[in-house]
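Undergrad: To be precise about what I am sending: the file is called start.txt and holds compact mmCIF, C-alpha atoms.
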# COMPACT_ATOMS: atom_id res chain seq x y z
CA MET A 1 0.00 0.00 0.00
CA ASP A 2 1.24 3.48 -0.83
CA CYS A 3 0.72 6.69 1.14
CA LYS A 4 -2.29 7.79 -0.90
CA GLU A 5 -4.04 4.48 -0.30
CA ILE A 6 -3.29 4.65 3.41
CA ARG A 7 -4.69 8.16 3.73
CA ASP A 8 -7.81 7.25 1.75
CA LEU A 9 -8.26 4.32 4.10
CA VAL A 10 -7.89 6.52 7.18
CA ARG A 11 -10.72 8.74 5.92
CA GLU A 12 -12.84 5.84 4.80
CA ARG A 13 -12.51 3.81 7.99
CA TRP A 14 -13.02 6.86 10.11
CA GLY A 15 -12.80 5.83 13.76
CA GLU A 16 -12.27 2.15 12.96
CA GLU A 17 -9.20 -0.03 13.30
CA LEU A 18 -6.89 -0.10 10.30
CA PRO A 19 -5.74 -3.40 8.72
CA ALA A 20 -2.34 -4.81 9.69
CA GLU A 21 -0.88 -3.85 6.30
CA ALA A 22 -1.74 -0.20 6.89
CA ARG A 23 -0.38 -0.26 10.43
CA GLU A 24 2.84 -1.74 9.15
CA HIS A 25 3.15 1.04 6.57
CA MET A 26 2.60 3.66 9.25
CA SER A 27 5.31 2.22 11.46
CA LYS A 28 7.77 3.13 8.71
CA CYS A 29 6.15 6.28 7.28
CA ALA A 30 6.14 9.29 9.59
CA GLY A 31 3.85 11.33 7.28
CA CYS A 32 1.08 8.73 7.31
CA GLU A 33 1.51 8.20 11.04
CA VAL A 34 0.92 11.92 11.64
CA TYR A 35 -2.05 11.84 9.27
CA TRP A 36 -3.61 9.00 11.23
CA ARG A 37 -2.89 10.74 14.56
CA ASN A 38 -4.53 13.89 13.26
CA ALA A 39 -7.59 11.85 12.29
CA ARG A 40 -7.74 10.44 15.83
CA PHE A 41 -7.44 13.94 17.21
CA LEU A 42 -10.40 15.12 15.15
CA GLN A 43 -12.48 12.08 16.05
CA THR A 44 -11.92 12.72 19.74
CA GLY A 45 -12.74 16.38 19.18
CA PHE A 46 -15.98 15.54 17.40
CA ARG A 47 -16.94 13.19 20.22
CA ALA A 48 -16.30 15.95 22.74
CA LEU A 49 -18.45 18.31 20.70
CA ALA A 50 -21.24 15.75 20.39
CA GLU A 51 -21.30 15.33 24.16
CA GLU A 52 -22.04 19.01 24.59
CA THR A 53 -25.71 19.23 25.52
CA PRO A 54 -27.81 21.66 23.51
CA PRO A 55 -29.76 24.29 25.45
CA ASP A 56 -33.29 23.44 26.49
CA ALA A 57 -36.17 25.40 25.11
CA SER A 58 -37.20 28.05 27.59
CA PHE A 59 -40.40 27.48 29.55
CA GLY A 60 -43.48 28.02 27.39
CA PHE A 61 -41.55 28.06 24.10
CA ALA A 62 -44.24 26.15 22.18
CA SER A 63 -47.16 28.18 23.52
CA ARG A 64 -45.36 31.47 22.80
CA LEU A 65 -44.71 30.26 19.29
CA VAL A 66 -48.35 29.30 18.79
CA ARG A 67 -49.46 32.71 20.04
CA ARG A 68 -47.08 34.35 17.57
CA LEU A 69 -48.41 32.18 14.78
CA GLN A 70 -51.96 33.11 15.63
CA GLU A 71 -51.06 36.80 15.62
CA TRP A 72 -49.38 36.31 12.30
CA GLY A 73 -52.42 34.39 11.04
CA ALA A 74 -54.66 37.33 11.87
CA THR A 75 -52.60 39.98 10.10
CA GLY A 76 -49.50 38.50 8.55
CA ALA A 77 -51.23 36.02 6.26
CA ARG A 78 -53.52 38.74 4.92
CA SER A 79 -50.71 41.22 4.38
CA GLU A 80 -48.61 38.47 2.82
CA PHE A 81 -51.48 37.73 0.43
CA PHE A 82 -51.78 41.39 -0.56
CA GLU A 83 -48.04 41.63 -0.89
CA THR A 84 -47.98 38.67 -3.26
CA VAL A 85 -50.90 39.97 -5.30
CA GLY A 86 -49.39 43.47 -5.36
CA ARG A 87 -46.04 42.13 -6.49
CA ARG A 88 -47.67 40.17 -9.31
CA PHE A 89 -49.65 43.24 -10.36
CA VAL A 90 -46.46 45.32 -10.52
CA TYR A 91 -44.68 42.65 -12.57
CA ALA A 92 -47.60 42.36 -15.00
CA THR A 93 -47.73 46.15 -15.39
CA LEU A 94 -43.99 46.27 -16.06
CA VAL A 95 -44.23 43.57 -18.71
CA LEU A 96 -47.17 45.30 -20.42
CA THR A 97 -45.39 48.68 -20.36
CA LEU A 98 -42.27 47.11 -21.82
CA ALA A 99 -44.30 45.45 -24.57
CA LEU A 100 -46.04 48.74 -25.35
CA LEU A 101 -42.75 50.63 -25.46
CA LEU A 102 -41.21 48.04 -27.73
CA SER A 103 -44.13 48.19 -30.09
CA LEU A 104 -43.78 52.00 -30.28
CA VAL A 105 -40.01 52.13 -30.58
CA LEU A 106 -39.38 49.31 -33.02
CA PRO A 107 -39.84 50.28 -36.68
CA THR A 108 -42.95 48.90 -38.28
CA THR A 109 -40.90 47.48 -41.15
CA GLY A 110 -37.44 46.14 -41.29
CA PRO A 111 -35.45 43.02 -41.88
CA VAL A 112 -36.83 41.34 -38.82
CA ARG A 113 -40.49 42.07 -39.29
CA GLY A 114 -42.86 41.11 -42.03
CA VAL A 115 -45.37 43.41 -43.68
CA ALA A 116 -47.35 45.01 -40.87
CA GLY A 117 -51.06 45.73 -41.09
CA ALA A 118 -50.56 49.46 -41.57
CA ASP A 119 -47.94 48.88 -44.25
CA PHE A 120 -50.27 46.45 -45.94
CA LEU A 121 -52.90 49.19 -46.33
CA ALA A 122 -50.27 51.65 -47.47
CA LEU A 123 -49.06 49.21 -50.07
CA GLN A 124 -52.56 48.68 -51.32
CA SER A 125 -53.16 52.40 -51.77
CA HIS A 126 -49.72 52.75 -53.32
CA SER A 127 -50.43 50.05 -55.86
CA GLN A 128 -53.68 51.79 -56.80
CA THR A 129 -52.08 55.20 -57.36
CA SER A 130 -48.80 53.78 -58.74
CA GLN A 131 -46.83 56.42 -56.84
CA PRO A 132 -43.08 55.82 -56.41
CA ASP A 133 -42.08 54.54 -52.99
CA VAL A 134 -41.21 57.45 -50.66
CA VAL A 135 -38.72 55.43 -48.65
CA GLY A 136 -36.92 54.55 -51.81
CA GLY A 137 -37.50 50.84 -51.88
CA ASP A 138 -38.66 49.08 -54.96
CA LEU A 139 -42.09 47.73 -54.22
CA ALA A 140 -42.21 45.57 -57.29
CA ASP A 141 -41.30 42.54 -55.24
CA THR A 142 -43.97 43.13 -52.67
CA HIS A 143 -46.71 43.28 -55.24
CA ASP A 144 -46.72 39.53 -55.25
CA LEU A 145 -47.58 39.55 -51.61
CA ILE A 146 -50.66 41.70 -51.96
CA PRO A 147 -53.75 39.66 -52.61
CA GLY A 148 -55.60 41.14 -55.57
CA GLY A 149 -52.72 43.48 -56.30
CA PRO A 150 -51.21 43.92 -59.74
CA THR A 151 -49.35 40.83 -60.85
CA GLU A 152 -47.76 42.26 -63.94
CA MET B 1 -48.41 10.44 29.00
CA ALA B 2 -46.77 13.74 28.21
CA ARG B 3 -48.53 16.04 25.76
CA SER B 4 -45.67 15.68 23.29
CA GLU B 5 -45.75 11.86 23.21
CA PHE B 6 -48.03 10.48 20.54
CA ASP B 7 -47.89 7.73 17.94
CA VAL B 8 -47.53 7.99 14.18
CA SER B 9 -51.25 7.79 13.34
CA GLN B 10 -51.98 10.53 15.85
CA GLU B 11 -49.17 12.58 14.38
CA VAL B 12 -50.65 12.23 10.89
CA GLU B 13 -53.99 13.39 12.24
CA TYR B 14 -52.35 16.39 13.94
CA ILE B 15 -50.47 17.33 10.79
CA ARG B 16 -53.67 17.22 8.74
CA ARG B 17 -55.32 19.50 11.27
CA VAL B 18 -52.43 21.96 11.10
CA GLN B 19 -52.60 21.84 7.31
CA LYS B 20 -56.16 23.12 7.68
CA GLY B 21 -54.84 26.02 9.76
CA ASP B 22 -55.05 24.73 13.34
CA GLY B 23 -52.25 26.59 15.09
CA GLU B 24 -53.01 25.12 18.53
CA THR B 25 -52.27 21.59 17.30
CA PHE B 26 -49.04 22.79 15.79
CA GLY B 27 -47.97 23.51 19.36
CA LEU B 28 -48.09 19.76 20.09
CA LEU B 29 -45.78 19.04 17.15
CA VAL B 30 -43.44 21.77 18.34
CA GLU B 31 -43.28 20.24 21.79
CA LYS B 32 -42.50 16.83 20.35
CA TYR B 33 -39.71 17.98 18.03
CA GLN B 34 -38.24 21.03 19.73
CA GLN B 35 -35.41 19.11 21.38
CA ARG B 36 -34.36 17.54 18.10
CA ILE B 37 -34.40 20.89 16.32
CA PHE B 38 -32.55 22.60 19.17
CA SER B 39 -29.86 19.93 18.97
CA ILE B 40 -29.36 20.29 15.20
CA LEU B 41 -29.29 24.06 15.44
CA PHE B 42 -26.93 24.11 18.37
CA HIS B 43 -24.43 21.73 16.79
CA LEU B 44 -24.53 23.54 13.50
CA VAL B 45 -24.45 27.08 14.79
CA ARG B 46 -22.64 26.58 18.09
CA ARG B 47 -24.10 29.72 19.58
CA ARG B 48 -26.13 28.85 22.63
CA ASP B 49 -27.78 32.26 22.85
CA GLU B 50 -29.07 32.18 19.28
CA VAL B 51 -30.53 28.70 19.20
CA GLU B 52 -33.96 29.61 20.51
CA ASP B 53 -34.45 32.47 18.05
CA LEU B 54 -33.36 30.26 15.20
CA ALA B 55 -35.66 27.47 16.37
CA GLN B 56 -38.56 29.89 16.43
CA GLU B 57 -37.81 30.92 12.86
CA VAL B 58 -37.57 27.28 11.80
CA PHE B 59 -40.94 26.37 13.31
CA PHE B 60 -42.45 29.50 11.86
CA LYS B 61 -41.23 28.51 8.40
CA ALA B 62 -42.49 24.97 8.94
CA PHE B 63 -45.96 26.24 9.85
CA ARG B 64 -46.14 28.40 6.77
CA ALA B 65 -44.96 25.56 4.53
CA ILE B 66 -46.87 22.71 6.14
CA ARG B 67 -49.42 22.50 3.33
CA SER B 68 -46.60 21.42 1.04
CA TYR B 69 -45.73 18.50 3.33
CA ASN B 70 -46.91 15.37 1.47
CA PHE B 71 -46.03 12.62 3.98
CA GLN B 72 -43.38 11.14 1.65
CA SER B 73 -40.62 11.49 4.22
CA SER B 74 -41.16 11.43 7.96
CA PHE B 75 -42.26 14.67 9.58
CA ALA B 76 -39.05 14.65 11.64
CA THR B 77 -36.95 14.53 8.46
CA TRP B 78 -39.02 17.24 6.79
CA LEU B 79 -38.67 19.48 9.83
CA SER B 80 -34.94 18.77 10.16
CA ARG B 81 -34.51 19.64 6.48
CA ILE B 82 -36.05 23.06 7.13
CA ALA B 83 -33.72 23.53 10.10
CA VAL B 84 -30.64 22.53 8.10
CA ASN B 85 -31.56 24.79 5.18
CA HIS B 86 -32.25 27.66 7.55
CA CYS B 87 -28.85 27.18 9.17
CA TYR B 88 -27.12 27.00 5.84
CA ASP B 89 -27.86 30.64 5.04
CA TYR B 90 -27.03 31.67 8.58
CA LEU B 91 -23.65 29.94 8.43
CA ARG B 92 -22.77 31.66 5.20
CA LYS B 93 -23.23 35.00 6.91
CA VAL B 94 -21.38 34.22 10.10
CA ARG B 95 -17.84 33.05 9.71
CA ALA B 96 -15.50 32.91 12.63
CA SER B 97 -11.84 32.44 12.00
CA HIS B 98 -9.67 32.62 15.05
CA LEU B 99 -8.56 29.80 17.27
CA SER B 100 -8.44 31.75 20.48
CA TYR B 101 -8.95 29.40 23.40
CA TYR B 102 -6.58 26.71 22.21
CA SER B 103 -3.94 29.18 21.12
CA GLU B 104 -4.08 30.79 24.54
CA MET B 105 -2.94 27.53 26.17
CA THR B 106 0.67 27.08 27.04
CA GLU B 107 2.70 25.03 24.59
CA GLU B 108 3.10 22.30 27.20
CA SER B 109 -0.62 21.88 27.89
CA ALA B 110 -1.39 22.01 24.15
CA HIS B 111 1.03 19.13 23.58
CA GLU B 112 -0.46 17.19 26.46
CA LEU B 113 -3.94 17.67 25.03
CA GLU B 114 -2.80 16.55 21.57
CA ARG B 115 -1.14 13.48 22.98
CA LYS B 116 -4.23 12.45 24.92
CA ALA B 117 -6.64 13.11 22.06
CA GLU B 118 -4.55 11.21 19.53
CA SER B 119 -3.83 8.09 21.51
CA PRO B 120 -6.08 5.10 20.74
CA PRO B 121 -8.32 4.76 22.72
CA PRO B 122 -8.41 8.41 23.79
CA GLN B 123 -7.21 8.76 27.36
CA GLY B 124 -9.47 10.45 29.83
CA LEU B 125 -9.50 14.17 29.26
CA ASP B 126 -10.14 16.34 32.25
CA HIS B 127 -12.82 19.01 32.10
CA GLY B 128 -10.48 21.80 31.05
CA GLU B 129 -8.88 19.71 28.34
CA LYS B 130 -12.25 18.67 27.00
CA LEU B 131 -13.29 22.31 26.87
CA ALA B 132 -10.12 23.24 25.01
CA LEU B 133 -10.52 20.39 22.56
CA ARG B 134 -14.16 21.29 21.94
CA ASP B 135 -13.22 24.86 21.41
CA PHE B 136 -10.44 24.01 19.00
CA VAL B 137 -12.29 21.42 16.90
CA GLY B 138 -15.43 23.58 17.02
CA ARG B 139 -13.47 26.46 15.55
CA LEU B 140 -11.91 24.26 12.91
CA LEU B 141 -15.43 23.25 11.99
CA GLU B 142 -16.53 26.88 11.88
CA ARG B 143 -13.76 27.66 9.41
CA ALA B 144 -14.79 24.81 7.12
CA PRO B 145 -16.96 25.48 4.06
CA GLU B 146 -20.68 25.35 4.85
CA ASP B 147 -21.21 22.09 2.96
CA ASP B 148 -18.45 20.34 4.89
CA ARG B 149 -19.67 21.69 8.17
CA LEU B 150 -23.21 20.60 7.51
CA ILE B 151 -22.32 17.05 6.56
CA LEU B 152 -19.75 16.59 9.34
CA THR B 153 -22.12 17.93 11.96
CA LEU B 154 -24.91 15.62 10.89
CA LYS B 155 -22.60 12.61 10.77
CA GLU B 156 -20.20 13.18 13.64
CA LEU B 157 -22.21 15.23 16.11
CA GLU B 158 -25.83 14.33 15.40
CA ASP B 159 -24.91 10.71 14.64
CA TYR B 160 -27.03 10.42 11.49
CA SER B 161 -26.35 7.50 9.16
CA VAL B 162 -25.26 8.16 5.57
CA GLU B 163 -28.73 7.10 4.39
CA GLU B 164 -30.44 9.50 6.79
CA ILE B 165 -28.23 12.36 5.64
CA ALA B 166 -29.02 11.50 2.02
CA ASP B 167 -32.73 11.60 2.80
CA LEU B 168 -32.41 14.85 4.69
CA LEU B 169 -30.34 16.67 2.09
CA LYS B 170 -32.10 15.01 -0.85
CA LEU B 171 -28.87 13.55 -2.17
CA LYS B 172 -27.76 10.11 -3.30
CA THR B 173 -26.00 8.02 -0.67
CA SER B 174 -22.96 7.81 -2.95
CA THR B 175 -22.85 11.63 -3.10
CA VAL B 176 -23.03 11.85 0.69
CA LYS B 177 -20.14 9.38 1.00
CA VAL B 178 -18.01 11.36 -1.43
CA ARG B 179 -18.78 14.65 0.31
CA LEU B 180 -18.05 13.17 3.70
CA HIS B 181 -14.74 11.84 2.46
CA ARG B 182 -13.82 15.23 1.02
CA ALA B 183 -14.92 17.07 4.14
CA ARG B 184 -12.69 14.87 6.32
CA LYS B 185 -9.81 15.39 3.94
CA ARG B 186 -10.19 19.16 4.09
CA MET B 187 -10.48 19.15 7.87
CA LEU B 188 -7.30 17.09 8.15
CA GLU B 189 -5.51 19.44 5.78
CA ASP B 190 -6.70 22.43 7.78
CA LEU B 191 -5.53 20.85 11.01
CA GLU B 192 -2.15 20.05 9.47
CA ARG B 193 -1.82 23.59 8.12
CA TRP B 194 -2.65 25.06 11.49
CA ARG B 195 -0.09 22.81 13.20
CA GLN B 196 2.61 23.78 10.76
CA GLU B 197 1.82 27.47 11.20
CA GLY B 198 1.81 27.08 14.96
CA LYS B 199 5.14 25.32 15.26
Represent the structure from my file as structure tokens, please.

TA:
Amino acid sequence: MDCKEIRDLVRERWGEELPAEAREHMSKCAGCEVYWRNARFLQTGFRALAEETPPDASFGFASRLVRRLQEWGATGARSEFFETVGRRFVYATLVLTLALLLSLVLPTTGPVRGVAGADFLALQSHSQTSQPDVVGGDLADTHDLIPGGPTE
Amino acid sequence: MARSEFDVSQEVEYIRRVQKGDGETFGLLVEKYQQRIFSILFHLVRRRDEVEDLAQEVFFKAFRAIRSYNFQSSFATWLSRIAVNHCYDYLRKVRASHLSYYSEMTEESAHELERKAESPPPQGLDHGEKLALRDFVGRLLERAPEDDRLILTLKELEDYSVEEIADLLKLKTSTVKVRLHRARKRMLEDLERWRQEGK
């Protein structure tokens, strides 16, 4: 067994006896011997900590807690409900406002968007009057998209 | 029979009542489990004066969440899980780092303590030595990462089995074993580092 195996074993068999092979290794290897002694030190320390008794609940702990819960039930639950509803209302309003802003700010046409309803009407009137496109685009391609529009 | 002693079927009945909003009945569950919760909190936090406040917060959380309890794990495990999770955040905020009591000992008594604690089986420690050892290992534990501290406390101080820890932390038993192994390794490294710095 090498040092790594011995140390793994010390951690694995925490608090248990080690096999003779490991003990033999430790009798020759000071590093592993210290490692094992440190493990024993910690085990004893943990045992000492575990023996420490936790504090008792003070007299009337449960009844005080119940009283607090009942007080909370009378007001806290209601205010918590309104808080939750209020928070959801604020979130919904924020989302709606953001959607509205986006719809106003984003251009109605562009590479990302298709032909919008307003553009559709504009295109229809344009095709009827055969005016050149103000924006400068060639609308010849879009004529195919307009139902009932000139096919040429 | 004490008010806090009741069997499983009664407990189920009480829980159902609390789930319908019966705060008075919750008091009976508190009485039954308060000692267990106090013990977990005390060993995890190691601050005697804060245990009761923390316990109150844990039971408060449990009451508010009791409708989500679906009887899949035992009520004790469910409650302990709330306590452990509550402590987890607390521990992340509070981090102590000095090894005062032990370092205040004379070199001679520190060596004597080490010798006694290391020897198999540990020789009888007197009251003062036990206090010093507790203080020292407690502080080592406080310096450990929260995950290590949690798993070591449950295993070494609360005496939970690997399976119980897995159930409590909702982990696989193999994961618990790996974490425990790593936590011990880090503690041993920390102890070794401290000894090298101290000598």

Undergrad: Would you mind listing, as a PyMOL selection string, all residues of chain A that have at least one atom within 9 Å of chain B, where only C-alpha atoms are what counts?

TA: chain A and resi 7-8+11-12+14+34-58+61-63+65-70+73

Undergrad: When you draw a straight line from CA of Asp89 (chain B) to CA of Lys170 (chain B), how long is it in Å?

TA: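 CA of Asp89 (chain B) sits 17.2 Å away from CA of Lys170 (chain B).
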
Undergrad: How many Å separate CA of Ala30 (chain A) from CA of Arg179 (chain B)?

TA: 27.1 Å

Undergrad: Would you mind telling me which residue in B:Leu150, B:Ala144, B:Val58, B:Val8 lies nearest to Ser80 (chain B) when using all atoms listed in the file?

TA: B:Val58

Undergrad: Give me, as a compact mmCIF listing (two decimals) with C-alpha atoms, keeping the file's coordinate frame, all polymer residues having an atom no more than 10 Å from Arg16 (chain B), counting all atoms listed in the file and skipping those fewer than 4 positions away in the same chain.

TA:
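Writing done, so here's selection-v2.txt:
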# COMPACT_ATOMS: atom_id res chain seq x y z
CA GLN B 10 -51.98 10.53 15.85
CA GLU B 11 -49.17 12.58 14.38
CA VAL B 12 -50.65 12.23 10.89
CA LYS B 20 -56.16 23.12 7.68
CA GLY B 21 -54.84 26.02 9.76
CA ASP B 22 -55.05 24.73 13.34
CA THR B 25 -52.27 21.59 17.30
CA ILE B 66 -46.87 22.71 6.14
CA ARG B 67 -49.42 22.50 3.33
CA TYR B 69 -45.73 18.50 3.33

Undergrad: Can you tell me which residues surround region 162-169 of chain B at a distance of at most 9 Å, considering only C-alpha atoms, apart from same-chain residues fewer than 5 positions away, and format the answer as a list in words?

TA: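 The residues that qualify are Ser73, Thr77, Trp78, Ser80, Arg81, Val84, Asn85, Ile151, Leu154, Lys155, Ser174, Thr175, Val176, Lys177 and Leu180 of chain B.
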
Undergrad: Could you work out an axis-aligned box for region 134-143 of chain B, taking every atom the file lists and adding 3 Å on each side, and report centre and edge lengths in Å to one decimal, as JSON?

TA:
{"center_x": -13.5, "center_y": 24.5, "center_z": 15.7, "size_x": 12.1, "size_y": 12.4, "size_z": 18.5}

Undergrad: Just so I have it separately, write region 77-107 of chain A from the block I sent, keeping C-alpha atoms, as an mmCIF file, in the first residue's frame.

TA:
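Saved as out_24.cif:
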data_model
loop_
_atom_site.group_PDB
_atom_site.id
_atom_site.type_symbol
_atom_site.label_atom_id
_atom_site.label_comp_id
_atom_site.auth_asym_id
_atom_site.auth_seq_id
_atom_site.Cartn_x
_atom_site.Cartn_y
_atom_site.Cartn_z
ATOM 1 C CA ALA A 77 -51.227 36.015 6.257
ATOM 2 C CA ARG A 78 -53.517 38.740 4.917
ATOM 3 C CA SER A 79 -50.711 41.219 4.382
ATOM 4 C CA GLU A 80 -48.606 38.468 2.821
ATOM 5 C CA PHE A 81 -51.475 37.731 0.435
ATOM 6 C CA PHE A 82 -51.775 41.386 -0.560
ATOM 7 C CA GLU A 83 -48.037 41.633 -0.886
ATOM 8 C CA THR A 84 -47.976 38.665 -3.263
ATOM 9 C CA VAL A 85 -50.904 39.967 -5.300
ATOM 10 C CA GLY A 86 -49.390 43.466 -5.356
ATOM 11 C CA ARG A 87 -46.042 42.129 -6.487
ATOM 12 C CA ARG A 88 -47.671 40.166 -9.308
ATOM 13 C CA PHE A 89 -49.650 43.239 -10.363
ATOM 14 C CA VAL A 90 -46.456 45.318 -10.516
ATOM 15 C CA TYR A 91 -44.675 42.645 -12.573
ATOM 16 C CA ALA A 92 -47.601 42.364 -15.000
ATOM 17 C CA THR A 93 -47.731 46.146 -15.392
ATOM 18 C CA LEU A 94 -43.994 46.275 -16.056
ATOM 19 C CA VAL A 95 -44.234 43.569 -18.708
ATOM 20 C CA LEU A 96 -47.171 45.304 -20.418
ATOM 21 C CA THR A 97 -45.388 48.677 -20.357
ATOM 22 C CA LEU A 98 -42.275 47.114 -21.822
ATOM 23 C CA ALA A 99 -44.300 45.447 -24.567
ATOM 24 C CA LEU A 100 -46.037 48.737 -25.346
ATOM 25 C CA LEU A 101 -42.746 50.631 -25.459
ATOM 26 C CA LEU A 102 -41.205 48.042 -27.725
ATOM 27 C CA SER A 103 -44.125 48.194 -30.091
ATOM 28 C CA LEU A 104 -43.775 52.000 -30.275
ATOM 29 C CA VAL A 105 -40.013 52.125 -30.577
ATOM 30 C CA LEU A 106 -39.383 49.307 -33.018
ATOM 31 C CA PRO A 107 -39.835 50.280 -36.679
#
